[in-house]
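S.K.: Next comes query_30.pdb, PDB, N, CA and C atoms and all ligand atoms:
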ATOM      1  N   MET A   1      78.450 127.637 112.941
ATOM      2  CA  MET A   1      78.953 126.265 113.072
ATOM      3  C   MET A   1      78.578 125.454 111.835
ATOM      4  N   LEU A   2      79.456 124.565 111.451
ATOM      5  CA  LEU A   2      79.225 123.762 110.256
ATOM      6  C   LEU A   2      78.402 122.539 110.609
ATOM      7  N   SER A   3      77.491 122.225 109.738
ATOM      8  CA  SER A   3      76.758 120.977 109.939
ATOM      9  C   SER A   3      77.602 119.828 109.401
ATOM     10  N   ALA A   4      77.145 118.633 109.598
ATOM     11  CA  ALA A   4      77.920 117.458 109.164
ATOM     12  C   ALA A   4      78.133 117.465 107.660
ATOM     13  N   THR A   5      77.160 117.963 106.904
ATOM     14  CA  THR A   5      77.302 117.952 105.447
ATOM     15  C   THR A   5      78.217 119.071 104.962
ATOM     16  N   GLN A   6      78.456 120.075 105.798
ATOM     17  CA  GLN A   6      79.308 121.187 105.385
ATOM     18  C   GLN A   6      80.725 121.065 105.950
ATOM     19  N   ALA A   7      80.976 120.040 106.717
ATOM     20  CA  ALA A   7      82.304 119.900 107.317
ATOM     21  C   ALA A   7      83.365 119.808 106.227
ATOM     22  N   PRO A   8      84.444 120.544 106.404
ATOM     23  CA  PRO A   8      85.493 120.469 105.388
ATOM     24  C   PRO A   8      86.084 119.062 105.315
ATOM     25  N   VAL A   9      86.304 118.622 104.093
ATOM     26  CA  VAL A   9      86.867 117.286 103.880
ATOM     27  C   VAL A   9      88.381 117.393 103.975
ATOM     28  N   ALA A  10      88.967 116.522 104.744
ATOM     29  CA  ALA A  10      90.429 116.535 104.867
ATOM     30  C   ALA A  10      91.043 116.191 103.517
ATOM     31  N   LYS A  11      91.940 117.051 103.068
ATOM     32  CA  LYS A  11      92.599 116.781 101.788
ATOM     33  C   LYS A  11      93.760 115.831 102.021
ATOM     34  N   PRO A  12      94.000 114.950 101.047
ATOM     35  CA  PRO A  12      95.170 114.088 101.200
ATOM     36  C   PRO A  12      96.432 114.946 101.186
ATOM     37  N   ARG A  13      97.433 114.527 101.918
ATOM     38  CA  ARG A  13      98.658 115.322 102.008
ATOM     39  C   ARG A  13      99.376 115.421 100.667
ATOM     40  N   LEU A  14      99.341 114.369  99.883
ATOM     41  CA  LEU A  14     100.013 114.377  98.586
ATOM     42  C   LEU A  14      98.973 114.365  97.475
ATOM     43  N   SER A  15      99.233 115.123  96.444
ATOM     44  CA  SER A  15      98.299 115.161  95.334
ATOM     45  C   SER A  15      98.368 113.840  94.563
ATOM     46  N   ARG A  16      97.354 113.615  93.757
ATOM     47  CA  ARG A  16      97.352 112.391  92.941
ATOM     48  C   ARG A  16      98.552 112.359  92.009
ATOM     49  N   LYS A  17      98.915 113.545  91.484
ATOM     50  CA  LYS A  17     100.057 113.631  90.580
ATOM     51  C   LYS A  17     101.340 113.196  91.292
ATOM     52  N   THR A  18     101.503 113.677  92.515
ATOM     53  CA  THR A  18     102.695 113.323  93.292
ATOM     54  C   THR A  18     102.700 111.830  93.595
ATOM     55  N   MET A  19     101.527 111.305  93.975
ATOM     56  CA  MET A  19     101.440 109.875  94.272
ATOM     57  C   MET A  19     101.753 109.051  93.023
ATOM     58  N   ALA A  20     101.276 109.501  91.862
ATOM     59  CA  ALA A  20     101.554 108.788  90.614
ATOM     60  C   ALA A  20     103.044 108.809  90.306
ATOM     61  N   ALA A  21     103.676 109.971  90.538
ATOM     62  CA  ALA A  21     105.118 110.071  90.286
ATOM     63  C   ALA A  21     105.885 109.117  91.193
ATOM     64  N   PHE A  22     105.471 109.032  92.464
ATOM     65  CA  PHE A  22     106.122 108.086  93.383
ATOM     66  C   PHE A  22     105.902 106.651  92.915
ATOM     67  N   GLY A  23     104.719 106.362  92.418
ATOM     68  CA  GLY A  23     104.411 105.017  91.940
ATOM     69  C   GLY A  23     105.290 104.626  90.767
ATOM     70  N   VAL A  24     105.452 105.536  89.815
ATOM     71  CA  VAL A  24     106.291 105.265  88.640
ATOM     72  C   VAL A  24     107.739 105.085  89.078
ATOM     73  N   ALA A  25     108.210 105.969  89.965
ATOM     74  CA  ALA A  25     109.597 105.875  90.438
ATOM     75  C   ALA A  25     109.823 104.542  91.163
ATOM     76  N   ALA A  26     108.855 104.128  91.945
ATOM     77  CA  ALA A  26     108.982 102.863  92.669
ATOM     78  C   ALA A  26     109.015 101.691  91.689
ATOM     79  N   ALA A  27     108.165 101.733  90.662
ATOM     80  CA  ALA A  27     108.125 100.650  89.673
ATOM     81  C   ALA A  27     109.452 100.548  88.930
ATOM     82  N   VAL A  28     110.006 101.701  88.538
ATOM     83  CA  VAL A  28     111.292 101.712  87.832
ATOM     84  C   VAL A  28     112.378 101.173  88.756
ATOM     85  N   GLY A  29     112.359 101.579  90.013
ATOM     86  CA  GLY A  29     113.361 101.117  90.974
ATOM     87  C   GLY A  29     113.277  99.623  91.198
ATOM     88  N   ILE A  30     112.062  99.107  91.320
ATOM     89  CA  ILE A  30     111.862  97.670  91.543
ATOM     90  C   ILE A  30     112.347  96.878  90.332
ATOM     91  N   GLU A  31     112.008  97.349  89.120
ATOM     92  CA  GLU A  31     112.440  96.633  87.914
ATOM     93  C   GLU A  31     113.962  96.673  87.793
ATOM     94  N   SER A  32     114.565  97.852  88.061
ATOM     95  CA  SER A  32     116.023  97.973  87.973
ATOM     96  C   SER A  32     116.701  97.042  88.964
ATOM     97  N   ALA A  33     116.172  96.991  90.184
ATOM     98  CA  ALA A  33     116.759  96.132  91.209
ATOM     99  C   ALA A  33     116.642  94.665  90.809
ATOM    100  N   ALA A  34     115.487  94.287  90.241
ATOM    101  CA  ALA A  34     115.285  92.895  89.822
ATOM    102  C   ALA A  34     116.260  92.535  88.702
ATOM    103  N   VAL A  35     116.454  93.453  87.771
ATOM    104  CA  VAL A  35     117.368  93.201  86.652
ATOM    105  C   VAL A  35     118.789  93.033  87.166
ATOM    106  N   LEU A  36     119.202  93.918  88.065
ATOM    107  CA  LEU A  36     120.560  93.833  88.611
ATOM    108  C   LEU A  36     120.739  92.570  89.432
ATOM    109  N   ARG A  37     119.722  92.217  90.234
ATOM    110  CA  ARG A  37     119.819  91.044  91.094
ATOM    111  C   ARG A  37     119.977  89.771  90.267
ATOM    112  N   LYS A  38     119.351  89.751  89.105
ATOM    113  CA  LYS A  38     119.440  88.562  88.254
ATOM    114  C   LYS A  38     120.694  88.562  87.398
ATOM    115  N   GLY A  39     121.496  89.624  87.504
ATOM    116  CA  GLY A  39     122.769  89.644  86.813
ATOM    117  C   GLY A  39     122.714  90.142  85.387
ATOM    118  N   TYR A  40     121.653  90.845  85.029
ATOM    119  CA  TYR A  40     121.548  91.374  83.687
ATOM    120  C   TYR A  40     121.995  92.827  83.677
ATOM    121  N   ARG A  41     122.270  93.315  82.499
ATOM    122  CA  ARG A  41     122.564  94.740  82.385
ATOM    123  C   ARG A  41     121.301  95.505  82.763
ATOM    124  N   PRO A  42     121.433  96.582  83.523
ATOM    125  CA  PRO A  42     120.242  97.309  83.964
ATOM    126  C   PRO A  42     119.523  98.040  82.840
ATOM    127  N   ALA A  43     120.243  98.480  81.846
ATOM    128  CA  ALA A  43     119.611  99.224  80.764
ATOM    129  C   ALA A  43     120.552  99.264  79.576
ATOM    130  N   GLY A  44     119.987  99.663  78.443
ATOM    131  CA  GLY A  44     120.795  99.771  77.238
ATOM    132  C   GLY A  44     120.533  98.591  76.327
ATOM    133  N   ASP A  45     121.523  98.256  75.505
ATOM    134  CA  ASP A  45     121.371  97.136  74.594
ATOM    135  C   ASP A  45     121.527  95.837  75.370
ATOM    136  N   VAL A  46     120.470  95.065  75.403
ATOM    137  CA  VAL A  46     120.437  93.831  76.183
ATOM    138  C   VAL A  46     120.112  92.677  75.247
ATOM    139  N   ILE A  47     120.806  91.546  75.442
ATOM    140  CA  ILE A  47     120.491  90.349  74.670
ATOM    141  C   ILE A  47     119.229  89.731  75.259
ATOM    142  N   VAL A  48     118.268  89.460  74.395
ATOM    143  CA  VAL A  48     117.018  88.842  74.836
ATOM    144  C   VAL A  48     116.769  87.588  73.998
ATOM    145  N   GLN A  49     115.854  86.758  74.482
ATOM    146  CA  GLN A  49     115.512  85.528  73.762
ATOM    147  C   GLN A  49     114.007  85.419  73.679
ATOM    148  N   CYS A  50     113.520  85.075  72.500
ATOM    149  CA  CYS A  50     112.081  84.904  72.344
ATOM    150  C   CYS A  50     111.715  83.480  72.733
ATOM    151  N   ARG A  51     110.431  83.181  72.748
ATOM    152  CA  ARG A  51     109.980  81.849  73.184
ATOM    153  C   ARG A  51     110.401  80.758  72.222
ATOM    154  N   ALA A  52     110.692  81.145  70.971
ATOM    155  CA  ALA A  52     111.151  80.151  69.998
ATOM    156  C   ALA A  52     112.658  79.933  70.093
ATOM    157  N   GLY A  53     113.307  80.682  70.990
ATOM    158  CA  GLY A  53     114.737  80.472  71.192
ATOM    159  C   GLY A  53     115.628  81.390  70.372
ATOM    160  N   HIS A  54     115.041  82.300  69.618
ATOM    161  CA  HIS A  54     115.862  83.235  68.851
ATOM    162  C   HIS A  54     116.452  84.285  69.788
ATOM    163  N   ARG A  55     117.710  84.569  69.601
ATOM    164  CA  ARG A  55     118.351  85.592  70.436
ATOM    165  C   ARG A  55     118.668  86.803  69.586
ATOM    166  N   PHE A  56     118.431  87.972  70.156
ATOM    167  CA  PHE A  56     118.761  89.220  69.482
ATOM    168  C   PHE A  56     118.981  90.294  70.527
ATOM    169  N   THR A  57     119.390  91.444  70.064
ATOM    170  CA  THR A  57     119.673  92.552  70.974
ATOM    171  C   THR A  57     118.571  93.588  70.846
ATOM    172  N   THR A  58     118.149  94.119  71.975
ATOM    173  CA  THR A  58     117.115  95.150  71.958
ATOM    174  C   THR A  58     117.466  96.214  72.979
ATOM    175  N   LEU A  59     116.880  97.373  72.814
ATOM    176  CA  LEU A  59     117.084  98.448  73.778
ATOM    177  C   LEU A  59     116.150  98.209  74.957
ATOM    178  N   TRP A  60     116.695  98.082  76.145
ATOM    179  CA  TRP A  60     115.912  97.764  77.332
ATOM    180  C   TRP A  60     116.142  98.866  78.357
ATOM    181  N   ILE A  61     115.135  99.622  78.611
ATOM    182  CA  ILE A  61     115.219 100.699  79.598
ATOM    183  C   ILE A  61     114.165 100.421  80.659
ATOM    184  N   PRO A  62     114.585 100.213  81.918
ATOM    185  CA  PRO A  62     113.588  99.963  82.966
ATOM    186  C   PRO A  62     112.567 101.098  83.018
ATOM    187  N   GLY A  63     111.314 100.733  83.060
ATOM    188  CA  GLY A  63     110.255 101.729  83.179
ATOM    189  C   GLY A  63     109.826 102.333  81.871
ATOM    190  N   ALA A  64     110.465 101.956  80.771
ATOM    191  CA  ALA A  64     110.089 102.565  79.497
ATOM    192  C   ALA A  64     110.064 101.508  78.404
ATOM    193  N   SER A  65     109.032 101.512  77.616
ATOM    194  CA  SER A  65     108.938 100.632  76.466
ATOM    195  C   SER A  65     108.233 101.389  75.357
ATOM    196  N   LEU A  66     108.932 101.631  74.290
ATOM    197  CA  LEU A  66     108.314 102.325  73.168
ATOM    198  C   LEU A  66     107.789 101.346  72.134
ATOM    199  N   LYS A  67     108.320 100.140  72.158
ATOM    200  CA  LYS A  67     107.968  99.197  71.098
ATOM    201  C   LYS A  67     107.618  97.830  71.627
ATOM    202  N   ALA A  68     107.239  97.759  72.881
ATOM    203  CA  ALA A  68     106.910  96.467  73.459
ATOM    204  C   ALA A  68     105.853  96.635  74.538
ATOM    205  N   VAL A  69     105.145  95.547  74.775
ATOM    206  CA  VAL A  69     104.175  95.514  75.868
ATOM    207  C   VAL A  69     104.886  94.889  77.055
ATOM    208  N   ARG A  70     104.982  95.648  78.125
ATOM    209  CA  ARG A  70     105.711  95.163  79.294
ATOM    210  C   ARG A  70     104.839  94.225  80.115
ATOM    211  N   LEU A  71     105.426  93.115  80.511
ATOM    212  CA  LEU A  71     104.729  92.148  81.356
ATOM    213  C   LEU A  71     105.643  91.823  82.519
ATOM    214  N   GLY A  72     105.975  92.833  83.310
ATOM    215  CA  GLY A  72     106.909  92.637  84.401
ATOM    216  C   GLY A  72     108.311  92.507  83.849
ATOM    217  N   PHE A  73     108.958  91.360  84.120
ATOM    218  CA  PHE A  73     110.339  91.171  83.708
ATOM    219  C   PHE A  73     110.455  90.705  82.262
ATOM    220  N   VAL A  74     109.349  90.312  81.657
ATOM    221  CA  VAL A  74     109.365  89.910  80.253
ATOM    222  C   VAL A  74     108.583  90.933  79.444
ATOM    223  N   ARG A  75     108.728  90.849  78.148
ATOM    224  CA  ARG A  75     108.018  91.777  77.267
ATOM    225  C   ARG A  75     107.452  91.021  76.086
ATOM    226  N   PHE A  76     106.427  91.601  75.524
ATOM    227  CA  PHE A  76     105.844  91.049  74.306
ATOM    228  C   PHE A  76     106.245  91.995  73.190
ATOM    229  N   GLN A  77     107.101  91.533  72.312
ATOM    230  CA  GLN A  77     107.564  92.399  71.230
ATOM    231  C   GLN A  77     107.913  91.569  70.007
ATOM    232  N   ARG A  78     108.217  92.263  68.927
ATOM    233  CA  ARG A  78     108.507  91.610  67.662
ATOM    234  C   ARG A  78     109.922  91.050  67.682
ATOM    235  N   CYS A  79     110.038  89.798  67.282
ATOM    236  CA  CYS A  79     111.338  89.135  67.155
ATOM    237  C   CYS A  79     111.843  89.391  65.742
ATOM    238  N   PRO A  80     112.990  90.070  65.599
ATOM    239  CA  PRO A  80     113.488  90.395  64.267
ATOM    240  C   PRO A  80     114.129  89.200  63.550
ATOM    241  N   VAL A  81     114.399  88.126  64.290
ATOM    242  CA  VAL A  81     115.045  86.957  63.679
ATOM    243  C   VAL A  81     114.052  86.235  62.767
ATOM    244  N   ALA A  82     112.887  85.873  63.312
ATOM    245  CA  ALA A  82     111.884  85.147  62.529
ATOM    246  C   ALA A  82     110.697  86.037  62.181
ATOM    247  N   ARG A  83     110.777  87.308  62.574
ATOM    248  CA  ARG A  83     109.726  88.285  62.277
ATOM    249  C   ARG A  83     108.369  87.818  62.769
ATOM    250  N   HIS A  84     108.330  87.516  64.043
ATOM    251  CA  HIS A  84     107.052  87.148  64.670
ATOM    252  C   HIS A  84     106.977  87.867  66.007
ATOM    253  N   TRP A  85     105.783  87.921  66.587
ATOM    254  CA  TRP A  85     105.603  88.521  67.900
ATOM    255  C   TRP A  85     105.752  87.434  68.946
ATOM    256  N   SER A  86     106.438  87.743  70.022
ATOM    257  CA  SER A  86     106.673  86.728  71.044
ATOM    258  C   SER A  86     106.984  87.390  72.382
ATOM    259  N   ILE A  87     106.869  86.592  73.418
ATOM    260  CA  ILE A  87     107.352  87.004  74.736
ATOM    261  C   ILE A  87     108.869  86.917  74.678
ATOM    262  N   VAL A  88     109.544  87.965  75.095
ATOM    263  CA  VAL A  88     111.002  87.921  75.144
ATOM    264  C   VAL A  88     111.450  88.228  76.568
ATOM    265  N   LYS A  89     112.593  87.659  76.925
ATOM    266  CA  LYS A  89     113.147  87.941  78.244
ATOM    267  C   LYS A  89     114.653  88.091  78.118
ATOM    268  N   PRO A  90     115.255  88.866  79.015
ATOM    269  CA  PRO A  90     116.708  89.073  78.953
ATOM    270  C   PRO A  90     117.466  87.775  79.160
ATOM    271  N   VAL A  91     118.629  87.693  78.540
ATOM    272  CA  VAL A  91     119.513  86.541  78.692
ATOM    273  C   VAL A  91     120.817  87.057  79.272
ATOM    274  N   ARG A  92     121.350  86.354  80.252
ATOM    275  CA  ARG A  92     122.641  86.769  80.813
ATOM    276  C   ARG A  92     123.716  86.523  79.773
ATOM    277  N   ALA A  93     124.447  87.586  79.445
ATOM    278  CA  ALA A  93     125.483  87.465  78.424
ATOM    279  C   ALA A  93     126.540  86.446  78.836
ATOM    280  N   ASP A  94     126.836  86.375  80.154
ATOM    281  CA  ASP A  94     127.892  85.455  80.582
ATOM    282  C   ASP A  94     127.465  83.987  80.540
ATOM    283  N   SER A  95     126.161  83.748  80.255
ATOM    284  CA  SER A  95     125.711  82.363  80.119
ATOM    285  C   SER A  95     125.842  81.887  78.671
ATOM    286  N   LEU A  96     126.248  82.794  77.784
ATOM    287  CA  LEU A  96     126.376  82.461  76.369
ATOM    288  C   LEU A  96     127.851  82.391  75.988
ATOM    289  N   SER A  97     128.137  81.584  74.981
ATOM    290  CA  SER A  97     129.500  81.540  74.463
ATOM    291  C   SER A  97     129.750  82.831  73.686
ATOM    292  N   GLU A  98     131.006  83.110  73.392
ATOM    293  CA  GLU A  98     131.321  84.322  72.633
ATOM    294  C   GLU A  98     130.636  84.298  71.276
ATOM    295  N   GLU A  99     130.577  83.105  70.694
ATOM    296  CA  GLU A  99     129.924  82.962  69.380
ATOM    297  C   GLU A  99     128.431  83.268  69.477
ATOM    298  N   GLU A 100     127.789  82.753  70.532
ATOM    299  CA  GLU A 100     126.353  83.010  70.731
ATOM    300  C   GLU A 100     126.090  84.493  70.983
ATOM    301  N   GLN A 101     126.986  85.124  71.776
ATOM    302  CA  GLN A 101     126.840  86.563  72.034
ATOM    303  C   GLN A 101     126.983  87.358  70.750
ATOM    304  N   ALA A 102     127.975  86.970  69.934
ATOM    305  CA  ALA A 102     128.218  87.701  68.684
ATOM    306  C   ALA A 102     127.017  87.587  67.750
ATOM    307  N   SER A 103     126.436  86.377  67.665
ATOM    308  CA  SER A 103     125.293  86.220  66.758
ATOM    309  C   SER A 103     124.076  86.962  67.296
ATOM    310  N   ALA A 104     123.931  87.024  68.644
ATOM    311  CA  ALA A 104     122.798  87.755  69.230
ATOM    312  C   ALA A 104     122.977  89.255  69.021
ATOM    313  N   ARG A 105     124.206  89.715  69.114
ATOM    314  CA  ARG A 105     124.450  91.153  68.935
ATOM    315  C   ARG A 105     124.385  91.560  67.468
ATOM    316  N   ALA A 106     124.521  90.596  66.583
ATOM    317  CA  ALA A 106     124.460  90.906  65.143
ATOM    318  C   ALA A 106     123.038  91.257  64.706
ATOM    319  N   VAL A 107     122.037  90.808  65.465
ATOM    320  CA  VAL A 107     120.647  91.094  65.120
ATOM    321  C   VAL A 107     120.098  92.048  66.165
ATOM    322  N   HIS A 108     119.793  93.255  65.742
ATOM    323  CA  HIS A 108     119.244  94.266  66.653
ATOM    324  C   HIS A 108     117.902  94.698  66.084
ATOM    325  N   ASP A 109     116.886  94.735  66.958
ATOM    326  CA  ASP A 109     115.622  95.236  66.441
ATOM    327  C   ASP A 109     115.755  96.744  66.182
ATOM    328  N   ARG A 110     114.809  97.272  65.502
ATOM    329  CA  ARG A 110     114.891  98.688  65.164
ATOM    330  C   ARG A 110     114.930  99.521  66.430
ATOM    331  N   ARG A 111     115.624 100.642  66.348
ATOM    332  CA  ARG A 111     115.767 101.502  67.521
ATOM    333  C   ARG A 111     114.432 102.071  67.989
ATOM    334  N   LEU A 112     113.599 102.483  67.031
ATOM    335  CA  LEU A 112     112.307 103.068  67.369
ATOM    336  C   LEU A 112     111.264 102.508  66.434
ATOM    337  N   PRO A 113     110.014 102.520  66.887
ATOM    338  CA  PRO A 113     108.961 101.979  66.023
ATOM    339  C   PRO A 113     108.828 102.741  64.717
TER     340      PRO A 113
HETATM  341 ZN    ZN B 201     111.810  84.545  67.544
END
Output the file's structure as structure tokens, nothing else.
Ligand SMILES: [Zn+2]

M.R.:
Amino acid sequence: MLSATQAPVAKPRLSRKTMAAFGVAAAVGIESAAVLRKGYRPAGDVIVQCRAGHRFTTLWIPGASLKAVRLGFVRFQRCPVARHWSIVKPVRADSLSEEEQASARAVHDRRLP
């Protein structure tokens, strides 16, 4: 018979790796849903605006950031317009005039760091 100190410990049903994978998938799903609910493109080239009001286009992939620090729905990344670091957030393209969209799409940050 096993004593209390030798009793087998119940293993969790899911491994830590599996739980982590579910966590990442849930985070990506939540971010994608939030982006869609707010009317933004879910991924790809997205028009964003920095805190100084500069608009440019950046690659936005829910759950992935190669060149930015993610802060939920906003990111901290380099603004290519004034070449400074700033909080940027997506801008709904339909809230901009065609001229504003064209000027925002004319400036794209680098594809990769
Ligand atoms: Zn800026």

S.K.: Set out as a Markdown table a contact list for chain A and ligand ZN 201 (chain B) with a cut-off of 5 Å, giving each residue of chain A that qualifies its closest atom pair and distance in Å to one decimal, counting all atoms listed in the file, ordered by chain and rising residue number.

M.R.:
| residue | atom | partner | partner_atom | distance |
| --- | --- | --- | --- | --- |
| A:Cys50 | CA | B:ZN201 | ZN | 4.8 |
| A:Ala52 | N | B:ZN201 | ZN | 5.0 |
| A:His54 | N | B:ZN201 | ZN | 4.4 |
| A:Cys79 | CA | B:ZN201 | ZN | 4.6 |
| A:Ala82 | N | B:ZN201 | ZN | 4.6 |

S.K.: Could you tell me how far CA of Ile61 in chain A sits from CA of Trp85 in chain A, in Å to one decimal place?

M.R.: 19.4 Å

S.K.: Tell me, in Å to one decimal, how far CA of Arg92 in chain A is from atom N of Arg75 in chain A.

M.R.: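 Taking CA of Arg92 in chain A as the start and atom N of Arg75 in chain A as the end point, the length is 14.7 Å.
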
S.K.: Do a neighbour search on range 99-112 of chain A at 5 Å with all atoms listed in the file, toss out local chain neighbours closer than 6 positions, and write the hits as a PyMOL selection string.

M.R.: chain A and resi 55-57

S.K.: Measure the distance from atom N of Ala68 in chain A to atom C of Leu96 in chain A in Å and round it to one decimal.

M.R.: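 Atom C of Leu96 in chain A lies 25.9 Å from atom N of Ala68 in chain A.
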
S.K.: Exactly which residues make up the result of the PyMOL selection byres (((chain A and resi 87) around 6.5) and not hetatm) on this file, given as number ranges by chain?

M.R.: A: 49-51, 74-77, 85-86, 88-89

S.K.: Which residues are close to Ala43 in chain A, i.e. within 6.5 Å by only N, CA and C atoms, leaving aside same-chain residues fewer than 5 positions away? Reply as JSON, numbers by chain.

M.R.: {"A": [59, 60, 61, 62]}

S.K.: Could you put an axis-aligned box around every listed atom of range 80-86 of chain A, padded by 8 Å on each side, and send me its centre and edge lengths in Å to one decimal, as lines of an AutoDock Vina configuration file?

M.R.:
center_x = 110.3
center_y = 87.8
center_z = 67.3
size_x = 25.4
size_y = 21.2
size_z = 26.2
